[in-house]
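Raw work.txt, compact mmCIF, C-alpha atoms:
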```
# COMPACT_ATOMS: atom_id res chain seq x y z
CA MET A 1 74.53 13.58 0.03
CA SER A 2 74.71 16.33 2.62
CA LYS A 3 74.39 20.07 2.75
CA LYS A 4 77.90 20.44 4.16
CA THR A 5 79.80 18.35 1.62
CA ASP A 6 77.85 19.71 -1.36
CA LEU A 7 77.86 23.36 -0.28
CA GLU A 8 78.93 25.50 -3.24
CA TYR A 9 78.69 29.01 -1.79
CA LYS A 10 76.96 31.20 0.79
CA GLU A 11 75.32 34.58 0.47
CA TYR A 12 74.15 37.09 3.04
CA TYR A 13 70.97 39.16 2.78
CA SER A 14 70.77 42.39 4.81
CA TYR A 15 67.21 43.67 5.16
CA VAL A 16 68.47 47.12 6.21
CA ALA A 17 70.51 47.55 3.03
CA ASP A 18 68.16 45.28 1.03
CA THR A 19 71.18 43.69 -0.62
CA VAL A 20 72.52 40.18 -1.22
CA THR A 21 76.30 39.95 -0.87
CA LYS A 22 78.95 37.26 -0.55
CA TYR A 23 78.81 35.74 2.95
CA SER A 24 81.76 36.39 5.24
CA SER A 25 80.48 36.30 8.79
CA PHE A 26 77.34 37.27 10.63
CA GLU A 27 76.50 37.46 14.29
CA ILE A 28 73.44 38.62 16.18
CA PRO A 29 74.19 40.22 19.57
CA LYS A 30 74.50 37.85 22.49
CA ALA A 31 73.18 38.79 25.90
CA LYS A 32 75.10 37.32 28.82
CA SER A 33 73.04 35.20 31.15
CA SER A 34 73.84 32.95 34.09
CA PHE A 35 71.38 30.09 33.60
CA GLN A 36 69.11 29.45 36.58
CA ASN A 37 66.88 26.49 37.27
CA ILE A 38 63.82 28.01 35.60
CA ILE A 39 62.35 24.62 34.84
CA GLN A 40 61.49 24.11 38.51
CA ILE A 41 58.68 26.61 37.90
CA LEU A 42 57.11 24.00 35.65
CA ILE A 43 58.34 20.69 37.02
CA SER A 44 59.67 19.35 40.31
CA LYS A 45 63.01 17.63 40.87
CA LYS A 46 61.40 14.21 41.17
CA TYR A 47 60.52 14.39 37.47
CA ILE A 48 64.10 14.89 36.30
CA SER A 49 64.99 11.18 36.37
CA LEU A 50 61.76 10.30 34.54
CA THR A 51 62.31 12.62 31.57
CA LYS A 52 64.68 10.23 29.82
CA ASP A 53 62.06 7.49 29.82
CA GLY A 54 59.44 9.57 28.06
CA PHE A 55 57.18 10.36 31.00
CA SER A 56 55.18 13.56 30.81
CA ASN A 57 57.15 16.25 32.58
CA LEU A 58 54.35 18.81 32.69
CA LEU A 59 52.70 19.78 35.94
CA PRO A 60 49.71 22.17 36.14
CA ASN A 61 51.62 25.35 35.22
CA GLY A 62 53.24 23.68 32.24
CA ILE A 63 49.90 22.28 31.10
CA PHE A 64 48.39 25.76 31.32
CA LEU A 65 51.18 27.24 29.18
CA ARG A 66 50.84 24.43 26.65
CA ASN A 67 47.11 25.02 26.29
CA ALA A 68 47.48 28.80 26.07
CA ILE A 69 50.18 28.61 23.39
CA LEU A 70 48.30 26.01 21.34
CA GLU A 71 45.11 28.06 21.59
CA PHE A 72 46.91 31.18 20.37
CA VAL A 73 48.65 29.42 17.47
CA GLY A 74 45.44 27.58 16.54
CA LEU A 75 43.49 30.83 16.32
CA GLU A 76 46.19 32.38 14.13
CA MET A 77 46.12 29.34 11.83
CA GLN A 78 42.32 29.61 11.57
CA LYS A 79 42.67 33.27 10.55
CA ASN A 80 44.86 32.05 7.70
CA ASP A 81 42.28 29.44 6.59
CA TYR A 82 44.03 26.31 7.87
CA LEU A 83 41.86 23.33 8.75
CA GLU A 84 42.92 21.32 11.80
CA TYR A 85 43.66 17.61 11.29
CA ARG A 86 44.97 14.88 13.61
CA PHE A 87 46.92 11.88 12.41
CA THR A 88 47.88 8.61 14.09
CA SER A 89 51.14 8.45 16.05
CA LEU A 90 51.86 4.82 15.07
CA PHE A 91 52.34 4.04 11.39
CA SER A 92 53.52 1.08 9.35
CA VAL A 93 55.93 0.93 6.45
CA ASP A 94 57.38 -1.78 4.19
CA ARG A 95 60.30 -1.70 1.75
CA HIS A 96 58.04 -0.96 -1.23
CA ASP A 97 56.28 1.93 0.53
CA PRO A 98 57.09 5.46 -0.73
CA LYS A 99 57.37 6.47 2.92
CA VAL A 100 60.69 4.57 3.10
CA LYS A 101 62.63 7.34 1.36
CA LEU A 102 60.89 9.96 3.44
CA ILE A 103 61.60 8.40 6.84
CA ASN A 104 65.27 7.91 5.97
CA LYS A 105 65.62 11.60 6.81
CA PHE A 106 64.53 10.91 10.39
CA THR A 107 66.01 7.41 10.90
CA ASN A 108 68.33 8.34 13.76
CA ASP A 109 65.59 10.23 15.61
CA MET A 110 62.59 7.94 15.14
CA TYR A 111 61.31 5.32 17.56
CA LYS A 112 61.27 1.97 15.80
CA VAL A 113 58.71 -0.34 17.40
CA ASN A 114 59.67 -3.27 15.14
CA ASP A 115 60.69 -3.81 11.51
CA LYS A 116 57.34 -2.52 10.30
CA TYR A 117 56.02 0.03 12.80
CA PHE A 118 57.34 3.44 13.83
CA LEU A 119 56.26 6.30 16.09
CA LYS A 120 56.06 9.55 14.18
CA TYR A 121 58.85 12.10 14.56
CA ALA A 122 57.14 14.35 12.02
CA SER A 123 53.71 14.26 10.43
CA ASP A 124 55.00 13.96 6.86
CA PRO A 125 54.95 10.14 6.45
CA VAL A 126 51.42 9.92 7.87
CA ILE A 127 49.86 12.92 6.13
CA PHE A 128 51.22 11.94 2.71
CA ASP A 129 49.98 8.40 3.10
CA TYR A 130 46.53 9.80 3.93
CA PHE A 131 46.42 11.84 0.70
CA LYS A 132 48.22 9.24 -1.47
CA ASN A 133 46.70 8.67 -4.95
CA LYS A 134 44.16 11.47 -4.46
CA LYS A 135 43.21 14.53 -6.44
CA LEU A 136 42.89 17.65 -4.33
CA ASN A 137 41.64 21.16 -4.91
CA ASN A 138 44.11 23.68 -6.21
CA LYS A 139 45.01 24.64 -2.62
CA ILE A 140 44.55 22.70 0.63
CA LYS A 141 45.77 24.08 3.98
CA ILE A 142 46.17 21.71 6.94
CA TYR A 143 47.24 22.41 10.53
CA SER A 144 48.04 19.38 12.69
CA PRO A 145 49.31 20.09 16.23
CA ASP A 146 50.00 16.77 17.91
CA TYR A 147 52.32 14.65 20.01
CA TYR A 148 55.54 13.44 18.40
CA TYR A 149 58.36 11.22 19.63
CA ARG A 150 62.12 11.26 19.34
CA VAL A 151 64.94 8.93 20.35
CA SER A 152 67.41 10.39 22.84
CA THR A 153 70.20 9.09 25.05
CA ASN A 154 69.65 8.34 28.73
CA SER A 155 71.96 11.18 29.68
CA GLU A 156 69.93 13.74 27.77
CA LEU A 157 67.94 15.49 30.47
CA LYS A 158 67.17 18.87 28.98
CA HIS A 159 63.56 18.57 30.09
CA LEU A 160 61.48 20.87 27.93
CA ILE A 161 64.18 21.59 25.36
CA ASN A 162 64.64 18.09 23.96
CA PRO A 163 62.05 15.76 25.50
CA ARG A 164 61.34 12.30 24.12
CA GLU A 165 57.67 13.16 23.79
CA PHE A 166 56.82 16.63 22.52
CA ILE A 167 54.09 18.67 20.87
CA MET A 168 54.77 20.05 17.40
CA THR A 169 52.61 22.57 15.58
CA ASP A 170 52.92 21.22 12.03
CA PHE A 171 51.16 22.59 8.98
CA HIS A 172 51.05 21.71 5.27
CA VAL A 173 49.91 23.52 2.15
CA PHE A 174 49.16 21.52 -1.01
CA SER A 175 49.42 24.01 -3.87
CA ASP A 176 49.64 24.00 -7.65
CA ASN A 177 53.33 24.94 -7.70
CA LYS A 178 52.99 28.58 -6.66
CA PHE A 179 55.95 30.08 -4.81
CA SER A 180 53.68 32.91 -3.67
CA GLU A 181 52.10 30.42 -1.24
CA TYR A 182 55.55 29.83 0.23
CA ILE A 183 56.04 33.58 0.70
CA ASN A 184 52.63 33.87 2.39
CA ALA A 185 53.43 30.96 4.71
CA SER A 186 56.82 32.46 5.60
CA ILE A 187 55.18 35.78 6.54
CA MET A 188 52.60 33.96 8.68
CA ASN A 189 55.38 31.98 10.36
CA LYS A 190 57.25 35.12 11.29
CA LYS A 191 54.15 36.93 12.57
CA ILE A 192 53.24 34.07 14.93
CA LEU A 193 56.82 33.62 16.09
CA ASN A 194 57.13 37.36 16.81
CA SER A 195 54.50 36.95 19.53
CA PHE A 196 57.16 35.07 21.50
CA VAL A 197 60.51 36.13 20.04
CA ASP A 198 61.67 39.72 19.47
CA ASN A 199 62.16 40.38 15.77
CA LYS A 200 65.60 41.92 16.46
CA GLU A 201 66.83 38.56 17.71
CA LEU A 202 65.66 36.59 14.67
CA TYR A 203 67.40 35.80 11.43
CA LEU A 204 66.90 33.25 8.66
CA ASN A 205 69.10 30.34 7.72
CA ILE A 206 68.10 29.34 4.18
CA ASP A 207 69.09 26.05 2.50
CA THR A 208 68.62 25.69 -1.23
CA ASN A 209 70.38 24.39 -4.32
CA LYS A 210 72.11 26.23 -7.16
CA ILE A 211 69.55 25.52 -9.91
CA PHE A 212 66.53 26.50 -7.82
CA TYR A 213 68.22 29.55 -6.28
CA GLU A 214 69.48 31.04 -9.51
CA SER A 215 66.12 30.41 -11.21
CA ASN A 216 64.11 31.96 -8.37
CA LYS A 217 66.47 34.57 -6.92
CA ASP A 218 64.06 37.45 -7.54
CA LYS A 219 61.21 35.63 -5.74
CA ILE A 220 63.46 34.70 -2.82
CA THR A 221 64.67 38.29 -2.52
CA LYS A 222 61.05 39.46 -2.57
CA MET A 223 60.31 37.06 0.30
CA LEU A 224 63.27 38.32 2.34
CA LYS A 225 62.27 41.93 1.75
CA ALA A 226 58.74 41.19 3.01
CA LEU A 227 60.09 39.37 6.09
CA LYS A 228 62.53 42.17 7.02
CA LEU A 229 64.99 39.62 8.38
CA ASN A 230 68.69 39.15 7.82
CA ALA A 231 69.45 35.83 6.17
CA ILE A 232 72.31 33.46 5.51
CA ILE A 233 71.68 31.62 2.23
CA ASN A 234 73.41 28.24 1.86
CA VAL A 235 73.53 27.13 -1.77
CA THR A 236 74.46 23.52 -2.59
CA SER A 237 75.72 22.34 -5.97
CA ILE A 238 72.97 19.70 -6.19
CA LYS A 239 69.60 19.07 -4.54
CA THR A 240 70.44 17.28 -1.31
CA HIS A 241 66.92 16.85 0.15
CA TYR A 242 63.33 16.54 -1.04
CA TYR A 243 62.80 20.28 -0.55
CA SER A 244 64.00 22.89 -3.03
CA ILE A 245 64.34 25.58 -0.36
CA GLN A 246 64.08 25.64 3.42
CA ASN A 247 63.67 28.58 5.82
CA GLN A 248 64.93 28.09 9.37
CA TYR A 249 64.05 30.85 11.85
CA ILE A 250 67.05 31.18 14.19
CA THR A 251 67.36 33.11 17.45
CA ASN A 252 69.58 33.39 20.51
CA TYR A 253 68.52 30.98 23.21
CA TYR A 254 68.89 31.91 26.85
CA TYR A 255 72.08 29.85 27.11
CA GLY A 256 73.66 32.31 24.71
CA ASN A 257 73.55 29.66 21.96
CA LYS A 258 71.54 29.87 18.77
CA THR A 259 68.53 27.65 18.24
CA GLN A 260 65.85 27.05 15.61
CA PHE A 261 62.15 27.53 16.26
CA ALA A 262 59.93 27.76 13.19
CA ASN A 263 60.85 26.32 9.81
CA LEU A 264 59.40 26.09 6.31
CA GLN A 265 60.13 23.83 3.31
CA TYR A 266 59.14 24.01 -0.37
CA ASP A 267 58.75 20.40 -1.55
CA GLU A 268 58.45 19.58 -5.26
CA VAL A 269 59.13 15.84 -4.79
CA ASN A 270 56.55 14.20 -2.53
CA GLY A 271 53.52 15.25 -4.56
CA GLU A 272 54.81 13.02 -7.34
CA ARG A 273 56.17 10.37 -4.95
CA PHE A 274 52.71 9.89 -3.37
CA ASN A 275 50.73 10.64 -6.55
CA ILE A 276 48.89 13.67 -5.16
CA LYS A 277 47.46 15.74 -8.02
CA SER A 278 45.49 18.92 -8.63
CA THR A 279 41.88 18.48 -9.77
CA LYS A 280 42.23 21.68 -11.82
CA SER A 281 45.50 21.17 -13.70
CA GLY A 282 46.14 17.45 -13.22
CA ASN A 283 49.69 18.31 -12.16
CA PHE A 284 51.42 16.88 -9.12
CA LEU A 285 50.94 19.28 -6.23
CA THR A 286 53.81 21.12 -4.59
CA ILE A 287 53.76 20.71 -0.80
CA ILE A 288 54.81 23.32 1.73
CA HIS A 289 55.86 21.88 5.10
CA GLY A 290 56.05 24.17 8.09
CA THR A 291 55.82 24.72 11.80
CA PRO A 292 54.97 28.20 13.12
CA ILE A 293 56.80 27.87 16.45
CA GLY A 294 58.45 24.45 16.45
CA ARG A 295 58.20 22.39 19.64
CA VAL A 296 55.79 23.93 22.14
CA GLU A 297 57.93 22.80 25.08
CA LYS A 298 60.91 24.64 23.61
CA ILE A 299 58.87 27.84 23.58
CA PHE A 300 58.14 27.35 27.32
CA ALA A 301 61.82 27.17 28.13
CA TYR A 302 62.59 30.15 25.90
CA ILE A 303 59.90 32.33 27.51
CA TYR A 304 61.16 31.71 31.04
CA GLY A 305 64.84 31.74 30.09
CA LYS A 306 64.58 35.00 28.16
CA ALA A 307 62.64 36.58 31.05
CA ILE A 308 65.53 35.74 33.38
CA GLU A 309 68.08 37.03 30.89
CA LEU A 310 66.29 40.36 30.47
CA SER A 311 65.84 40.71 34.23
CA GLU A 312 69.61 40.38 34.70
CA ILE A 313 70.29 42.97 32.01
CA ASN A 314 67.69 45.45 33.29
CA LYS A 315 68.19 44.67 36.99
CA THR A 316 64.49 43.89 37.41
CA LYS A 317 62.39 40.89 38.38
CA PRO A 318 61.75 38.36 35.61
CA VAL A 319 58.23 38.57 34.20
CA ILE A 320 56.19 36.73 31.59
CA PRO A 321 53.16 38.17 29.76
CA ASN A 322 49.88 38.23 31.69
CA TRP A 323 48.14 36.02 29.14
CA LEU A 324 50.68 33.26 29.86
CA SER A 325 50.54 33.59 33.65
CA PRO A 326 48.57 30.67 35.19
CA ILE A 327 47.58 33.00 38.06
CA ILE A 328 47.47 36.73 37.32
CA CYS A 329 46.46 37.96 40.79
CA THR A 330 46.86 36.47 44.23
CA LEU A 331 44.92 37.99 47.12
CA ILE A 332 46.65 37.86 50.50
CA PRO A 333 44.70 38.79 53.65
CA ILE A 334 46.96 40.48 56.21
CA SER A 335 45.08 38.89 59.13
CA LYS A 336 42.53 36.13 59.82
CA ASP A 337 39.80 38.67 60.53
CA LYS A 338 36.57 37.27 59.06
CA LYS A 339 35.63 40.67 57.63
CA ILE A 340 38.90 40.79 55.69
CA ILE A 341 38.44 37.21 54.47
CA ARG A 342 34.94 38.07 53.23
CA TYR A 343 36.35 41.16 51.51
CA CYS A 344 38.97 38.97 49.78
CA ASP A 345 36.23 36.58 48.71
CA LYS A 346 34.13 39.40 47.27
CA LEU A 347 37.04 40.83 45.27
CA SER A 348 38.02 37.37 44.01
CA LYS A 349 34.51 36.82 42.66
CA ILE A 350 34.68 40.15 40.82
CA LEU A 351 38.00 39.10 39.25
CA ILE A 352 36.51 35.74 38.25
CA LYS A 353 33.55 37.48 36.65
CA ASN A 354 36.01 39.55 34.60
CA LYS A 355 37.84 36.35 33.57
CA ILE A 356 40.99 37.20 35.50
CA ARG A 357 42.71 34.16 36.98
CA ASN A 358 43.26 34.55 40.73
CA ASN A 359 43.52 32.81 44.06
CA ILE A 360 43.29 33.66 47.77
CA ASP A 361 46.19 32.59 49.97
CA GLN A 362 44.55 31.60 53.26
CA ARG A 363 47.30 29.26 54.39
CA ASP A 364 48.27 29.38 58.03
CA LEU A 365 51.64 30.93 57.27
CA PRO A 366 53.31 34.28 58.02
CA PHE A 367 52.25 37.13 55.74
CA ARG A 368 55.81 37.65 54.43
CA THR A 369 56.11 33.93 53.57
CA LYS A 370 52.99 34.21 51.40
CA ILE A 371 54.46 37.26 49.65
CA LYS A 372 57.71 35.38 49.04
CA ASP A 373 55.87 32.36 47.63
CA ALA A 374 53.89 34.58 45.23
CA GLU A 375 57.14 36.21 44.10
CA GLN A 376 58.74 32.81 43.45
CA GLN A 377 55.75 31.87 41.29
CA TRP A 378 56.19 35.07 39.24
CA ILE A 379 52.58 36.12 39.90
CA PRO A 380 52.14 39.53 38.18
CA TYR A 381 49.96 41.20 40.83
CA ILE A 382 49.94 40.60 44.58
CA ILE A 383 46.86 42.15 46.21
CA MET A 384 47.36 42.77 49.96
CA LEU A 385 44.23 43.36 52.02
CA GLY A 386 43.96 44.50 55.62
CA ASP A 387 41.91 46.86 57.80
CA HIS A 388 43.02 49.95 55.87
CA GLU A 389 41.92 48.51 52.52
CA LEU A 390 38.66 47.19 54.00
CA ASN A 391 37.75 50.54 55.58
CA ASN A 392 38.60 52.52 52.44
CA LYS A 393 37.15 49.98 49.99
CA ASN A 394 40.37 49.87 47.98
CA ILE A 395 43.34 47.54 47.47
CA SER A 396 47.11 47.59 47.86
CA VAL A 397 48.74 46.05 44.79
CA ARG A 398 52.34 45.00 44.32
CA ASP A 399 53.07 45.16 40.60
CA ARG A 400 55.81 42.71 39.63
CA LEU A 401 56.61 44.57 36.40
CA ASP A 402 57.89 47.74 38.08
CA ASN A 403 58.28 46.32 41.61
CA SER A 404 56.03 49.01 43.06
CA THR A 405 53.28 48.91 45.68
CA LYS A 406 50.28 51.07 44.89
CA ILE A 407 46.97 51.93 46.47
CA ASN A 408 44.44 51.29 43.77
CA ASN A 409 40.85 50.44 43.14
CA LEU A 410 40.00 47.07 41.68
CA THR A 411 38.24 48.53 38.65
CA LYS A 412 41.44 50.24 37.50
CA LEU A 413 43.46 47.06 37.97
CA ILE A 414 40.93 45.05 35.95
CA LYS A 415 41.18 47.57 33.09
CA ILE A 416 44.99 47.32 33.09
CA ILE A 417 44.96 43.51 33.01
CA THR A 418 42.15 43.29 30.43
CA LYS A 419 44.06 45.62 28.10
CA SER A 420 47.26 43.56 28.46
CA ILE A 421 45.57 40.31 27.34
CA LYS A 422 43.23 41.83 24.75
CA ASN A 423 44.82 40.27 21.65
CA TYR A 424 45.50 36.87 23.19
CA PRO A 425 43.42 33.91 24.34
CA ASN A 426 41.99 34.47 27.82
CA MET A 427 42.38 30.93 29.10
CA PRO A 428 40.03 29.73 31.84
CA GLN A 429 41.36 29.05 35.31
CA SER A 430 40.79 25.58 36.61
CA THR A 431 41.06 25.65 40.37
CA LYS A 432 38.93 24.17 43.12
CA ARG A 433 37.76 27.65 44.04
CA ILE A 434 36.24 28.42 40.66
CA GLU A 435 34.93 24.88 40.18
CA GLU A 436 33.11 25.28 43.50
CA TYR A 437 31.39 28.46 42.31
CA ILE A 438 30.39 26.89 39.01
CA LYS A 439 28.96 23.73 40.63
CA LYS A 440 26.91 25.70 43.15
CA GLY A 441 25.75 28.19 40.56
CA LEU A 442 26.84 31.08 42.74
CA SER A 443 26.60 34.62 41.41
CA PHE A 444 29.79 36.59 40.90
CA GLU A 445 28.01 39.92 41.40
```
Show the structure stored in the file as structure tokens.
Amino acid sequence: MSKKTDLEYKEYYSYVADTVTKYSSFEIPKAKSSFQNIIQILISKKYISLTKDGFSNLLPNGIFLRNAILEFVGLEMQKNDYLEYRFTSLFSVDRHDPKVKLINKFTNDMYKVNDKYFLKYASDPVIFDYFKNKKLNNKIKIYSPDYYYRVSTNSELKHLINPREFIMTDFHVFSDNKFSEYINASIMNKKILNSFVDNKELYLNIDTNKIFYESNKDKITKMLKALKLNAIINVTSIKTHYYSIQNQYITNYYYGNKTQFANLQYDEVNGERFNIKSTKSGNFLTIIHGTPIGRVEKIFAYIYGKAIELSEINKTKPVIPNWLSPIICTLIPISKDKKIIRYCDKLSKILIKNKIRNNIDQRDLPFRTKIKDAEQQWIPYIIMLGDHELNNKNISVRDRLDNSTKINNLTKLIKIITKSIKNYPNMPQSTKRIEEYIKKGLSFE
């Protein structure tokens, strides 16, 4: 069975008109973009040939982004009462195991170690086995960000887009068959995703079957109204998968193609298949499967790619949010004068004390070369310090966002940066400079 061969009809929901009509065609605007080698910001060319063999392709900047994104998503999941779990990557299965039917969905994508053992492509087979034959409370919420693995061809070198090893932000809700939980999860999904993807560029692709859709059309319409997203609704004549309905959050990628990030599934099958029941009602629990942002590495590529796309449209420099910038400020002394170097050091300590990631470029290179290097790294603020700044106790700042150079005081700059990262994790900087201060117990006053 497949969604394509069993498709009975399609409908289109417009959130502006708040109407469901017969589907004809639907397009979200495409922005033209000449793709550039943005991945070199995260990885070097020597890693390209290793990607196909499953080696980690993340260098320090990529690791920083991964940690920042996972921290942000984790905090949002905690706000919604999800408890973080981790499950093994290697699991076993035999022909009598209920996991057999489940993994058939992923057969072409899963790493098969031998006839019995697999590497997980999704957390479903492992998490269900963990809760098999158990009675759970009326509602259990689980968040399990972890490494997953997928089979790919040797020629597939899309780096962060489709790596063989990736990090997925999976979550599950075990509920007593309440569609309201699905609506709540779909709203949470959209809210988290909107921190990375503009709502105007999102729409939903919904897969469901005729019986479920026509029985729950009012509830589904209520969900779409709450999400304020356009949606294409694909209705099959029969139930083709274990889920009764699936939400796929679709957006334009920087190639100009569409891609899926978050998704959500309402599963009325696996509770019974794995004998997972409610302690309150004794009924088999309905399971909601979801991922708030999909693969973390895919978000990296989207962030950088979209920044380039917007820069071409607006004729500006590409920028990423301050909270995702590994280094927010770089201080560049105009000369080797010891007084200027000490001034740089003093200002850097003040930035560190205010939890603003920074570095001092003291390399024996021309001043303009240092500026160029900082630009290529997309560092938001370049602080240039010379005799004028030293004598006047101020700073010259080049702001990447508006490409301007301003005379400013450090206190004002700190306020601007602090405000820009207020609602996001302020990730620590891990550089030799800061480690040195911490080890020596030096004051940042």
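Minimum distance to Tyr12 in chain A across A:Ile183, A:Ala68, A:Leu229, A:Leu119 (counting all atoms listed in the file) occurs at A:Leu229.
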Which protein, DNA or RNA residues are at most 8 Å from (73.7, 31.3, 7.1) in the file's coordinates when you count all atoms listed in the file, listed as a PyMOL selection string? chain A and resi 10-12+23+26+204-206+231-234
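By chain and then residue number, the residues within 12 Å of Ser281 in chain A are Lys135, Leu136, Asn137, Asn138, Lys139, Ser175, Asp176, Asn177, Ile276, Lys277 and Leu285 of chain A, counting all atoms listed in the file and disregarding those fewer than 4 positions away in sequence.
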Output C-alpha atoms for every residue in the selection just made, as a PDB file, in the frame of the given file.
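The result, stored in result_25.pdb:
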```pdb
ATOM      1  CA  LYS A 135      43.210  14.530  -6.440  1.00  0.00           C
ATOM      2  CA  LEU A 136      42.890  17.650  -4.330  1.00  0.00           C
ATOM      3  CA  ASN A 137      41.640  21.160  -4.910  1.00  0.00           C
ATOM      4  CA  ASN A 138      44.110  23.680  -6.210  1.00  0.00           C
ATOM      5  CA  LYS A 139      45.010  24.640  -2.620  1.00  0.00           C
ATOM      6  CA  SER A 175      49.420  24.010  -3.870  1.00  0.00           C
ATOM      7  CA  ASP A 176      49.640  24.000  -7.650  1.00  0.00           C
ATOM      8  CA  ASN A 177      53.330  24.940  -7.700  1.00  0.00           C
ATOM      9  CA  ILE A 276      48.890  13.670  -5.160  1.00  0.00           C
ATOM     10  CA  LYS A 277      47.460  15.740  -8.020  1.00  0.00           C
ATOM     11  CA  LEU A 285      50.940  19.280  -6.230  1.00  0.00           C
TER      12      LEU A 285
END
```
Select from range 359-412 of chain A every residue with an atom at most 7 Å from any atom of range 327-335 of chain A, then for each give the shortest pair of atoms and their distance in Å to one decimal, using all atoms listed in the file, rows by chain and rising number, as JSON lines.
```
{"residue": "A:Asn359", "atom": "CA", "partner": "A:Thr330", "partner_atom": "CA", "distance": 5.0}
{"residue": "A:Ile360", "atom": "CA", "partner": "A:Leu331", "partner_atom": "CA", "distance": 4.7}
{"residue": "A:Asp361", "atom": "CA", "partner": "A:Ile332", "partner_atom": "CA", "distance": 5.3}
{"residue": "A:Phe367", "atom": "CA", "partner": "A:Ile334", "partner_atom": "CA", "distance": 6.3}
{"residue": "A:Ile379", "atom": "CA", "partner": "A:Ile328", "partner_atom": "CA", "distance": 5.8}
{"residue": "A:Pro380", "atom": "CA", "partner": "A:Ile328", "partner_atom": "CA", "distance": 5.5}
{"residue": "A:Tyr381", "atom": "CA", "partner": "A:Cys329", "partner_atom": "CA", "distance": 4.8}
{"residue": "A:Ile382", "atom": "CA", "partner": "A:Thr330", "partner_atom": "CA", "distance": 5.2}
{"residue": "A:Ile383", "atom": "CA", "partner": "A:Leu331", "partner_atom": "CA", "distance": 4.7}
{"residue": "A:Met384", "atom": "CA", "partner": "A:Ile332", "partner_atom": "CA", "distance": 5.0}
{"residue": "A:Leu385", "atom": "CA", "partner": "A:Pro333", "partner_atom": "CA", "distance": 4.9}
{"residue": "A:Gly386", "atom": "CA", "partner": "A:Ile334", "partner_atom": "CA", "distance": 5.1}
```
Pick from A:Arg164, A:His289, A:Lys190, A:Lys225, whichever lies nearest to Ser123 in chain A using all atoms listed in the file: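 Among A:Arg164, A:His289, A:Lys190, A:Lys225, it is A:His289 that comes nearest to Ser123 in chain A.
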How many Å separate CA of Asn283 in chain A from CA of Tyr121 in chain A? 28.9 Å
